[in-house]
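S.K.: Sharing input21.cif (mmCIF, C-alpha atoms) below.
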data_entry
#
loop_
_atom_site.label_atom_id
_atom_site.label_comp_id
_atom_site.auth_asym_id
_atom_site.auth_seq_id
_atom_site.Cartn_x
_atom_site.Cartn_y
_atom_site.Cartn_z
CA MET Y 1 -29.71 -27.47 17.37
CA LYS Y 2 -29.80 -23.80 18.32
CA LEU Y 3 -26.44 -24.17 20.06
CA LEU Y 4 -24.90 -25.79 16.98
CA TYR Y 5 -26.33 -23.06 14.72
CA SER Y 6 -24.97 -20.35 17.00
CA LEU Y 7 -21.54 -22.00 17.02
CA LEU Y 8 -21.46 -22.26 13.22
CA LEU Y 9 -22.58 -18.65 12.91
CA PHE Y 10 -19.81 -17.56 15.28
CA VAL Y 11 -17.16 -19.50 13.35
CA ALA Y 12 -18.38 -18.03 10.07
CA LEU Y 13 -18.28 -14.52 11.53
CA VAL Y 14 -14.73 -14.98 12.83
CA CYS Y 15 -13.55 -16.35 9.47
CA ASN Y 16 -15.22 -13.50 7.62
CA LEU Y 17 -13.64 -10.90 9.88
CA ALA Y 18 -10.22 -12.47 9.41
CA TYR Y 19 -10.59 -12.65 5.65
CA SER Y 20 -11.82 -9.06 5.47
CA HIS Y 21 -8.29 -8.03 6.39
CA ILE Y 22 -7.01 -9.16 3.00
CA GLY Y 23 -6.46 -6.71 0.16
CA ILE Y 24 -4.77 -6.32 -3.20
CA ASP Y 25 -2.47 -3.78 -4.80
CA PHE Y 26 -1.86 -3.27 -8.50
CA ALA Y 27 -0.25 -0.91 -10.97
CA PHE Y 28 -2.20 -1.48 -14.16
CA GLY Y 29 -5.61 -0.69 -15.63
CA SER Y 30 -8.71 -2.32 -14.19
CA ASN Y 31 -12.45 -2.64 -14.59
CA VAL Y 32 -15.37 -2.90 -12.20
CA ALA Y 33 -16.06 -6.55 -13.01
CA ASP Y 34 -12.52 -7.66 -12.11
CA LEU Y 35 -12.52 -5.72 -8.86
CA SER Y 36 -16.02 -6.95 -8.01
CA CYS Y 37 -14.62 -10.47 -8.37
CA PHE Y 38 -12.12 -9.72 -5.61
CA LYS Y 39 -14.87 -8.21 -3.49
CA GLY Y 40 -16.90 -11.37 -3.94
CA LYS Y 41 -13.95 -13.45 -2.73
CA GLY Y 42 -13.75 -11.47 0.50
CA TYR Y 43 -11.07 -8.94 -0.30
CA SER Y 44 -11.85 -5.54 1.18
CA LYS Y 45 -9.14 -3.11 0.04
CA ALA Y 46 -7.47 -2.04 -3.20
CA ILE Y 47 -4.18 -0.14 -3.11
CA ILE Y 48 -3.66 1.64 -6.40
CA ARG Y 49 -0.52 3.16 -7.89
CA CYS Y 50 -1.08 6.86 -8.57
CA TYR Y 51 2.45 8.09 -9.33
CA GLN Y 52 5.04 6.39 -11.51
CA SER Y 53 8.81 6.17 -11.12
CA ILE Y 54 9.21 7.95 -14.47
CA GLY Y 55 7.96 11.13 -12.80
CA GLN Y 56 4.30 11.42 -13.71
CA ILE Y 57 0.84 10.70 -12.32
CA ASP Y 58 -0.25 7.20 -13.28
CA PRO Y 59 -2.84 7.51 -16.08
CA ASN Y 60 -4.75 4.54 -14.62
CA CYS Y 61 -5.08 6.12 -11.17
CA LYS Y 62 -8.39 7.91 -11.63
CA SER Y 63 -10.29 5.08 -13.33
CA SER Y 64 -8.94 2.42 -10.96
CA ILE Y 65 -10.01 4.38 -7.89
CA GLU Y 66 -13.45 4.86 -9.38
CA ASN Y 67 -13.71 1.18 -10.33
CA ALA Y 68 -12.62 0.02 -6.89
CA LYS Y 69 -15.16 2.27 -5.18
CA LYS Y 70 -17.93 1.00 -7.49
CA ALA Y 71 -16.92 -2.56 -6.63
CA GLY Y 72 -17.32 -1.80 -2.92
CA LEU Y 73 -13.62 -1.87 -2.00
CA SER Y 74 -11.94 0.65 0.27
CA VAL Y 75 -9.07 2.48 -1.41
CA ASP Y 76 -5.50 3.41 -0.52
CA VAL Y 77 -2.99 4.68 -3.07
CA TYR Y 78 0.76 4.43 -3.41
CA ILE Y 79 3.38 6.69 -4.90
CA PHE Y 80 6.48 5.28 -6.58
CA PRO Y 81 8.64 8.41 -6.47
CA CYS Y 82 11.18 9.56 -9.02
CA TYR Y 83 14.42 10.41 -7.22
CA ASN Y 84 16.16 11.76 -10.32
CA CYS Y 85 13.24 14.10 -11.05
CA GLY Y 86 13.86 16.07 -7.85
CA ASN Y 87 11.24 18.17 -6.03
CA PRO Y 88 9.91 15.29 -3.91
CA SER Y 89 7.44 17.47 -2.06
CA ASN Y 90 5.69 18.42 -5.29
CA GLN Y 91 5.54 14.79 -6.46
CA VAL Y 92 3.36 13.85 -3.50
CA GLU Y 93 1.44 17.11 -3.16
CA SER Y 94 0.50 17.22 -6.85
CA THR Y 95 -0.64 13.58 -6.76
CA VAL Y 96 -2.83 14.08 -3.71
CA ASN Y 97 -4.30 17.28 -5.14
CA TYR Y 98 -4.97 15.45 -8.41
CA ILE Y 99 -6.96 12.82 -6.50
CA LYS Y 100 -8.82 15.52 -4.58
CA SER Y 101 -9.79 17.20 -7.84
CA TYR Y 102 -12.12 14.39 -8.84
CA ILE Y 103 -12.92 12.37 -5.73
CA ASP Y 104 -13.75 13.15 -2.12
CA ASN Y 105 -10.40 13.00 -0.33
CA LYS Y 106 -12.08 11.15 2.56
CA SER Y 107 -12.77 8.29 0.15
CA VAL Y 108 -9.04 7.55 -0.08
CA GLY Y 109 -7.23 6.24 2.98
CA THR Y 110 -3.47 6.12 3.30
CA VAL Y 111 -1.02 7.46 0.72
CA TRP Y 112 1.87 4.99 0.80
CA LEU Y 113 5.39 6.12 -0.13
CA ASP Y 114 7.17 3.30 -1.98
CA VAL Y 115 10.79 3.01 -0.85
CA GLU Y 116 12.51 0.26 -2.83
CA GLY Y 117 15.12 -0.29 -5.51
CA PRO Y 118 18.49 0.59 -3.97
CA GLY Y 119 20.95 1.66 -6.64
CA ALA Y 120 18.18 1.71 -9.26
CA TYR Y 121 15.52 4.17 -8.11
CA TRP Y 122 17.50 5.92 -5.37
CA SER Y 123 21.00 7.33 -5.02
CA ASN Y 124 23.86 5.61 -3.21
CA ASP Y 125 23.98 8.45 -0.65
CA HIS Y 126 22.02 7.61 2.51
CA SER Y 127 21.86 11.23 3.65
CA ALA Y 128 20.60 12.45 0.28
CA ASN Y 129 18.01 9.69 0.21
CA ALA Y 130 16.82 10.58 3.71
CA LYS Y 131 16.47 14.22 2.67
CA PHE Y 132 14.48 13.19 -0.40
CA PHE Y 133 12.21 11.02 1.76
CA GLU Y 134 11.61 13.96 4.10
CA GLY Y 135 10.60 15.99 1.07
CA LEU Y 136 8.04 13.34 0.12
CA VAL Y 137 6.62 13.44 3.64
CA ALA Y 138 6.49 17.24 3.60
CA GLY Y 139 4.47 17.18 0.38
CA GLY Y 140 2.03 14.69 1.85
CA LYS Y 141 1.56 16.74 4.99
CA LYS Y 142 1.08 19.94 2.99
CA ALA Y 143 -1.65 18.23 0.96
CA GLY Y 144 -3.32 16.89 4.12
CA ALA Y 145 -2.68 13.22 3.31
CA LYS Y 146 -2.32 10.35 5.74
CA ILE Y 147 1.16 8.99 5.00
CA GLY Y 148 2.46 5.43 5.26
CA VAL Y 149 5.67 3.74 4.11
CA TYR Y 150 5.99 0.67 1.88
CA THR Y 151 9.38 -1.01 2.14
CA SER Y 152 11.27 -3.92 3.70
CA ALA Y 153 14.53 -4.36 5.58
CA SER Y 154 16.28 -5.51 2.40
CA GLN Y 155 15.23 -2.28 0.67
CA TRP Y 156 15.17 0.34 3.43
CA GLU Y 157 18.59 -0.31 4.92
CA PRO Y 158 20.61 -0.16 1.65
CA ILE Y 159 18.73 3.03 0.71
CA MET Y 160 18.54 4.80 4.07
CA GLY Y 161 21.25 3.21 6.18
CA SER Y 162 20.58 3.78 9.88
CA TYR Y 163 18.02 6.56 9.25
CA THR Y 164 14.83 6.06 11.27
CA GLY Y 165 12.82 9.06 10.07
CA GLY Y 166 9.96 6.90 8.82
CA LYS Y 167 9.27 5.09 12.08
CA ASP Y 168 6.34 7.30 13.10
CA PHE Y 169 4.37 6.32 9.99
CA PRO Y 170 2.51 3.04 9.44
CA LEU Y 171 4.69 0.36 7.88
CA TRP Y 172 3.60 -1.82 4.97
CA TYR Y 173 6.36 -4.34 4.45
CA ALA Y 174 6.97 -6.97 1.78
CA HIS Y 175 7.82 -10.60 2.44
CA TYR Y 176 6.56 -13.15 -0.08
CA ASP Y 177 6.15 -16.14 2.22
CA ASN Y 178 2.47 -16.72 1.30
CA ASP Y 179 1.58 -16.36 4.99
CA ALA Y 180 -1.10 -13.81 5.85
CA SER Y 181 0.33 -13.04 9.29
CA PHE Y 182 3.07 -10.98 10.95
CA LYS Y 183 4.84 -13.99 12.46
CA ASP Y 184 7.87 -13.37 10.24
CA PHE Y 185 8.36 -9.71 11.11
CA THR Y 186 11.70 -8.51 12.48
CA ALA Y 187 12.16 -4.90 13.57
CA PHE Y 188 14.12 -2.56 11.27
CA GLY Y 189 14.39 1.13 10.42
CA GLY Y 190 12.96 2.14 13.80
CA TRP Y 191 9.72 0.18 13.27
CA SER Y 192 8.90 -2.25 16.07
CA LYS Y 193 5.67 -3.48 14.50
CA PRO Y 194 4.04 -3.36 11.07
CA TYR Y 195 0.63 -2.20 9.93
CA MET Y 196 0.35 -4.29 6.76
CA LYS Y 197 2.23 -7.05 4.95
CA GLN Y 198 2.52 -7.80 1.25
CA TYR Y 199 2.70 -11.57 1.54
CA GLN Y 200 2.26 -12.70 -2.06
CA GLY Y 201 3.38 -11.02 -5.26
CA ASP Y 202 2.66 -11.17 -8.99
CA VAL Y 203 -0.52 -13.22 -8.76
CA SER Y 204 -2.94 -13.48 -11.66
CA GLU Y 205 -6.49 -13.58 -10.34
CA CYS Y 206 -9.89 -12.21 -11.37
CA GLY Y 207 -8.38 -11.01 -14.63
CA LEU Y 208 -5.76 -8.79 -12.96
CA GLY Y 209 -2.11 -9.04 -12.01
CA VAL Y 210 -1.96 -8.17 -8.30
CA ASP Y 211 -0.04 -8.50 -5.07
CA LYS Y 212 -1.86 -9.70 -1.93
CA ASN Y 213 -1.75 -7.98 1.43
CA TYR Y 214 -2.75 -8.66 5.02
CA TRP Y 215 -3.32 -6.36 8.00
CA ALA Y 216 -4.42 -7.20 11.53
#
Output the file's structure as structure tokens, nothing else.

M.R.:
Amino acid sequence: MKLLYSLLLFVALVCNLAYSHIGIDFAFGSNVADLSCFKGKGYSKAIIRCYQSIGQIDPNCKSSIENAKKAGLSVDVYIFPCYNCGNPSNQVESTVNYIKSYIDNKSVGTVWLDVEGPGAYWSNDHSANAKFFEGLVAGGKKAGAKIGVYTSASQWEPIMGSYTGGKDFPLWYAHYDNDASFKDFTAFGGWSKPYMKQYQGDVSECGLGVDKNYWA
């Protein structure tokens, strides 16, 4: 009986550890109850948009970070930059400093730079796009942020061409195959392995519209 109990306990622990590597990201308002619902289901991280592609800090950023922390979730944030607004360094630096102004910076993990939307949110010039990306990185470094990159091969390559300047940062890639694993990953952009995968998008759960993410 003790052996069976120990085995069941071990299996439960392994399953819990595996499931704890599941998180959500979202770009809308939230409340503590909704985020607590995700926490109760075993999700452990919320990734919150804090800068919008229209060139301003997301007005939901502050409250969503606070709600996620109250719900017991760890927090990352992401920045959807505005290429046409220029001054990429300031876009990231001002966002990070905004977060620092009301919450302990150590309470927020990675600041992810969203690189997607070729021809819509970026120019058609690979070199200009690479320079803009480097400006984003410079702003993050100046503000003391831990930087990561959100993208995929279908987005990065049309935007950046053969540029590999993001390869030294953690990669969060998107592939909506509903599989919480990295079995599908193929190297691109200088990255040989990912850090996190967005494996399911536009899901309605716990009262929120979210994407689901996995990391090892």

S.K.: Selected by the PyMOL selection byres ((chain Y and resi 207) around 10) in the shown coordinates: which residues, as a list in words?

M.R.: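 That expression, the PyMOL selection byres ((chain Y and resi 207) around 10), corresponds here to Ser30, Asn31, Ala33, Asp34, Leu35, Cys37, Phe38, Ser204, Glu205, Cys206, Leu208, Gly209 and Val210 of chain Y.
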
S.K.: Specify as an MDAnalysis selection string each residue included when the PyMOL selection byres ((chain Y and resi 141) around 12) is applied to this file.

M.R.: chainID Y and resid 89:90 92:94 96:97 110:111 134:140 142:148 169

S.K.: Give one line per residue of region 106-168 of chain Y that approaches region 172-188 of chain Y to at most 12 Å, naming the two atoms of the closest pair and their distance in Å to one decimal, counting only C-alpha atoms; sort by chain then ascending residue number and deliver it as JSON lines.

M.R.:
{"residue": "Y:Thr110", "atom": "CA", "partner": "Y:Trp172", "partner_atom": "CA", "distance": 10.8}
{"residue": "Y:Val111", "atom": "CA", "partner": "Y:Trp172", "partner_atom": "CA", "distance": 11.2}
{"residue": "Y:Trp112", "atom": "CA", "partner": "Y:Trp172", "partner_atom": "CA", "distance": 8.2}
{"residue": "Y:Leu113", "atom": "CA", "partner": "Y:Trp172", "partner_atom": "CA", "distance": 9.6}
{"residue": "Y:Asp114", "atom": "CA", "partner": "Y:Trp172", "partner_atom": "CA", "distance": 9.3}
{"residue": "Y:Val115", "atom": "CA", "partner": "Y:Tyr173", "partner_atom": "CA", "distance": 10.1}
{"residue": "Y:Glu116", "atom": "CA", "partner": "Y:Ala174", "partner_atom": "CA", "distance": 10.2}
{"residue": "Y:Ile147", "atom": "CA", "partner": "Y:Trp172", "partner_atom": "CA", "distance": 11.1}
{"residue": "Y:Gly148", "atom": "CA", "partner": "Y:Trp172", "partner_atom": "CA", "distance": 7.3}
{"residue": "Y:Val149", "atom": "CA", "partner": "Y:Trp172", "partner_atom": "CA", "distance": 6.0}
{"residue": "Y:Tyr150", "atom": "CA", "partner": "Y:Trp172", "partner_atom": "CA", "distance": 4.6}
{"residue": "Y:Thr151", "atom": "CA", "partner": "Y:Tyr173", "partner_atom": "CA", "distance": 5.1}
{"residue": "Y:Ser152", "atom": "CA", "partner": "Y:Tyr173", "partner_atom": "CA", "distance": 5.0}
{"residue": "Y:Ala153", "atom": "CA", "partner": "Y:Phe188", "partner_atom": "CA", "distance": 6.0}
{"residue": "Y:Ser154", "atom": "CA", "partner": "Y:Ala174", "partner_atom": "CA", "distance": 9.4}
{"residue": "Y:Gln155", "atom": "CA", "partner": "Y:Ala174", "partner_atom": "CA", "distance": 9.6}
{"residue": "Y:Trp156", "atom": "CA", "partner": "Y:Phe188", "partner_atom": "CA", "distance": 8.4}
{"residue": "Y:Glu157", "atom": "CA", "partner": "Y:Phe188", "partner_atom": "CA", "distance": 8.1}
{"residue": "Y:Pro158", "atom": "CA", "partner": "Y:Phe188", "partner_atom": "CA", "distance": 11.9}
{"residue": "Y:Met160", "atom": "CA", "partner": "Y:Phe188", "partner_atom": "CA", "distance": 11.2}
{"residue": "Y:Gly161", "atom": "CA", "partner": "Y:Phe188", "partner_atom": "CA", "distance": 10.5}
{"residue": "Y:Ser162", "atom": "CA", "partner": "Y:Phe188", "partner_atom": "CA", "distance": 9.2}
{"residue": "Y:Tyr163", "atom": "CA", "partner": "Y:Phe188", "partner_atom": "CA", "distance": 10.1}
{"residue": "Y:Thr164", "atom": "CA", "partner": "Y:Phe188", "partner_atom": "CA", "distance": 8.6}
{"residue": "Y:Gly165", "atom": "CA", "partner": "Y:Phe188", "partner_atom": "CA", "distance": 11.8}
{"residue": "Y:Gly166", "atom": "CA", "partner": "Y:Phe188", "partner_atom": "CA", "distance": 10.6}
{"residue": "Y:Lys167", "atom": "CA", "partner": "Y:Phe188", "partner_atom": "CA", "distance": 9.1}

S.K.: For CA of Val108 (chain Y) and CA of Asp58 (chain Y), quote the distance in Å rounded to one decimal.

M.R.: 15.9 Å

S.K.: Kindly resolve the PyMOL selection byres ((chain Y and resi 132) around 10) on the present coordinates and return the residues as a PDB file with C-alpha atoms, keeping the file's coordinate frame.

M.R.:
ATOM      1  CA  PRO Y  81       8.640   8.410  -6.470  1.00  0.00           C
ATOM      2  CA  CYS Y  82      11.180   9.560  -9.020  1.00  0.00           C
ATOM      3  CA  TYR Y  83      14.420  10.410  -7.220  1.00  0.00           C
ATOM      4  CA  GLY Y  86      13.860  16.070  -7.850  1.00  0.00           C
ATOM      5  CA  ASN Y  87      11.240  18.170  -6.030  1.00  0.00           C
ATOM      6  CA  PRO Y  88       9.910  15.290  -3.910  1.00  0.00           C
ATOM      7  CA  SER Y  89       7.440  17.470  -2.060  1.00  0.00           C
ATOM      8  CA  TRP Y 122      17.500   5.920  -5.370  1.00  0.00           C
ATOM      9  CA  SER Y 123      21.000   7.330  -5.020  1.00  0.00           C
ATOM     10  CA  HIS Y 126      22.020   7.610   2.510  1.00  0.00           C
ATOM     11  CA  SER Y 127      21.860  11.230   3.650  1.00  0.00           C
ATOM     12  CA  ALA Y 128      20.600  12.450   0.280  1.00  0.00           C
ATOM     13  CA  ASN Y 129      18.010   9.690   0.210  1.00  0.00           C
ATOM     14  CA  ALA Y 130      16.820  10.580   3.710  1.00  0.00           C
ATOM     15  CA  LYS Y 131      16.470  14.220   2.670  1.00  0.00           C
ATOM     16  CA  PHE Y 133      12.210  11.020   1.760  1.00  0.00           C
ATOM     17  CA  GLU Y 134      11.610  13.960   4.100  1.00  0.00           C
ATOM     18  CA  GLY Y 135      10.600  15.990   1.070  1.00  0.00           C
ATOM     19  CA  LEU Y 136       8.040  13.340   0.120  1.00  0.00           C
ATOM     20  CA  VAL Y 137       6.620  13.440   3.640  1.00  0.00           C
ATOM     21  CA  ALA Y 138       6.490  17.240   3.600  1.00  0.00           C
TER      22      ALA Y 138
END

S.K.: Please work out which residues fall within 8 Å of (-6.2, 4.6, -4.2), coordinates as given in the file, with all atoms listed in the file counting, and return them as an MDAnalysis selection string.

M.R.: chainID Y and resid 46:50 61 64:65 75:78 108:109 111

S.K.: Take the residues that were just selected and, keeping C-alpha atoms, output them as an mmCIF file, in the frame of the given file.

M.R.:
data_model
loop_
_atom_site.group_PDB
_atom_site.id
_atom_site.type_symbol
_atom_site.label_atom_id
_atom_site.label_comp_id
_atom_site.auth_asym_id
_atom_site.auth_seq_id
_atom_site.Cartn_x
_atom_site.Cartn_y
_atom_site.Cartn_z
ATOM 1 C CA ALA Y 46 -7.470 -2.040 -3.200
ATOM 2 C CA ILE Y 47 -4.180 -0.140 -3.110
ATOM 3 C CA ILE Y 48 -3.660 1.640 -6.400
ATOM 4 C CA ARG Y 49 -0.520 3.160 -7.890
ATOM 5 C CA CYS Y 50 -1.080 6.860 -8.570
ATOM 6 C CA CYS Y 61 -5.080 6.120 -11.170
ATOM 7 C CA SER Y 64 -8.940 2.420 -10.960
ATOM 8 C CA ILE Y 65 -10.010 4.380 -7.890
ATOM 9 C CA VAL Y 75 -9.070 2.480 -1.410
ATOM 10 C CA ASP Y 76 -5.500 3.410 -0.520
ATOM 11 C CA VAL Y 77 -2.990 4.680 -3.070
ATOM 12 C CA TYR Y 78 0.760 4.430 -3.410
ATOM 13 C CA VAL Y 108 -9.040 7.550 -0.080
ATOM 14 C CA GLY Y 109 -7.230 6.240 2.980
ATOM 15 C CA VAL Y 111 -1.020 7.460 0.720
#

S.K.: Quick one: of Y:Glu66, Y:Asp168, Y:Asp202, Y:Asp25, who's nearest to Ile99 (chain Y), counting all atoms listed in the file?

M.R.: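 Of the candidates, the smallest distance to Ile99 (chain Y) is held by Y:Glu66.
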
S.K.: Which of these, Y:Trp215, Y:Trp191, Y:Tyr102, Y:Tyr121, has the shortest distance to Phe80 (chain Y) once you count all atoms listed in the file?

M.R.: Y:Tyr121

S.K.: Between CA of Asn67 (chain Y) and CA of Pro170 (chain Y), measure the distance and give it in Å to one decimal.

M.R.: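 Atom-to-atom, CA of Asn67 (chain Y) to CA of Pro170 (chain Y), that is 25.6 Å.
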
S.K.: Around all listed atoms of region 136-145 of chain Y, padded 6 Å per side, what centre and edge lengths does the axis-aligned box have in Å to one decimal, as lines of an AutoDock Vina configuration file?

M.R.:
center_x = 2.4
center_y = 16.6
center_z = 2.6
size_x = 23.4
size_y = 18.7
size_z = 16.9

S.K.: Between Y:Ala68, Y:Gly29, Y:Ser63, Y:Ile79, which has the minimum distance to Tyr51 (chain Y) (counting all atoms listed in the file)?

M.R.: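 Of the candidates, the smallest distance to Tyr51 (chain Y) is held by Y:Ile79.
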
S.K.: What does the structure give for the distance between CA of Ile24 (chain Y) and CA of Ile159 (chain Y), in Å to one decimal?

M.R.: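 We find that CA of Ile24 (chain Y) and CA of Ile159 (chain Y) lie 25.6 Å from each other.
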
S.K.: Only all heavy atoms needed: put region 155-164 of chain Y from the block into a file as a CSV table (one decimal), in the first residue's frame.

M.R.:
chain,number,residue,atom,x,y,z
Y,155,GLN,N,7.3,34.9,-39.8
Y,155,GLN,CA,7.2,36.3,-39.5
Y,155,GLN,C,8.6,37.0,-39.5
Y,155,GLN,O,8.9,38.0,-40.2
Y,155,GLN,CB,6.6,36.6,-38.1
Y,155,GLN,CG,5.2,36.0,-37.9
Y,155,GLN,CD,4.2,36.7,-38.9
Y,155,GLN,OE1,4.1,37.9,-38.9
Y,155,GLN,NE2,3.5,35.8,-39.7
Y,156,TRP,N,9.6,36.3,-38.9
Y,156,TRP,CA,10.9,36.9,-38.8
Y,156,TRP,C,11.6,37.0,-40.1
Y,156,TRP,O,12.2,38.0,-40.5
Y,156,TRP,CB,11.8,36.0,-37.9
Y,156,TRP,CG,13.2,36.4,-37.7
Y,156,TRP,CD1,14.3,36.1,-38.4
Y,156,TRP,CD2,13.7,37.4,-36.7
Y,156,TRP,NE1,15.4,36.7,-37.9
Y,156,TRP,CE2,15.0,37.6,-36.9
Y,156,TRP,CE3,13.0,38.1,-35.7
Y,156,TRP,CZ2,15.8,38.4,-36.1
Y,156,TRP,CZ3,13.8,39.0,-34.9
Y,156,TRP,CH2,15.2,39.1,-35.1
Y,157,GLU,N,11.6,36.0,-40.9
Y,157,GLU,CA,12.3,36.0,-42.2
Y,157,GLU,C,11.8,37.0,-43.2
Y,157,GLU,O,12.6,37.7,-43.8
Y,157,GLU,CB,12.4,34.6,-42.8
Y,157,GLU,CG,13.2,33.6,-41.9
Y,157,GLU,CD,13.1,32.2,-42.3
Y,157,GLU,OE1,12.3,31.8,-43.2
Y,157,GLU,OE2,13.9,31.3,-41.7
Y,158,PRO,N,10.5,37.2,-43.4
Y,158,PRO,CA,10.0,38.3,-44.3
Y,158,PRO,C,10.4,39.6,-43.7
Y,158,PRO,O,10.5,40.6,-44.5
Y,158,PRO,CB,8.5,38.0,-44.4
Y,158,PRO,CG,8.3,36.6,-44.0
Y,158,PRO,CD,9.4,36.3,-43.0
Y,159,ILE,N,10.5,39.8,-42.4
Y,159,ILE,CA,10.8,41.1,-41.8
Y,159,ILE,C,12.3,41.4,-41.8
Y,159,ILE,O,12.7,42.5,-42.1
Y,159,ILE,CB,10.2,41.2,-40.4
Y,159,ILE,CG1,8.7,41.2,-40.4
Y,159,ILE,CG2,10.7,42.4,-39.7
Y,159,ILE,CD1,8.0,41.0,-39.1
Y,160,MET,N,13.0,40.4,-41.4
Y,160,MET,CA,14.5,40.6,-41.1
Y,160,MET,C,15.4,39.9,-42.2
Y,160,MET,O,16.6,40.2,-42.1
Y,160,MET,CB,14.8,40.0,-39.8
Y,160,MET,CG,14.1,40.6,-38.6
Y,160,MET,SD,14.6,42.4,-38.4
Y,160,MET,CE,13.6,42.8,-36.9
Y,161,GLY,N,14.9,39.1,-43.1
Y,161,GLY,CA,15.7,38.4,-44.0
Y,161,GLY,C,16.7,37.5,-43.3
Y,161,GLY,O,16.3,36.7,-42.5
Y,162,SER,N,17.9,37.6,-43.7
Y,162,SER,CA,19.0,36.7,-43.1
Y,162,SER,C,19.6,37.2,-41.8
Y,162,SER,O,20.5,36.6,-41.2
Y,162,SER,CB,20.1,36.4,-44.1
Y,162,SER,OG,20.7,37.7,-44.5
Y,163,TYR,N,19.1,38.3,-41.3
Y,163,TYR,CA,19.6,38.9,-40.1
Y,163,TYR,C,19.4,38.0,-38.9
Y,163,TYR,O,18.4,37.3,-38.7
Y,163,TYR,CB,18.8,40.2,-39.8
Y,163,TYR,CG,19.2,40.9,-38.5
Y,163,TYR,CD1,20.4,41.6,-38.3
Y,163,TYR,CD2,18.3,40.9,-37.4
Y,163,TYR,CE1,20.7,42.3,-37.2
Y,163,TYR,CE2,18.6,41.6,-36.3
Y,163,TYR,CZ,19.8,42.3,-36.1
Y,163,TYR,OH,20.1,43.0,-35.0
Y,164,THR,N,20.5,37.8,-38.1
Y,164,THR,CA,20.5,36.9,-36.9
Y,164,THR,C,20.8,37.6,-35.6
Y,164,THR,O,21.2,37.0,-34.7
Y,164,THR,CB,21.5,35.7,-37.1
Y,164,THR,OG1,22.8,36.3,-37.3
Y,164,THR,CG2,21.2,34.9,-38.4
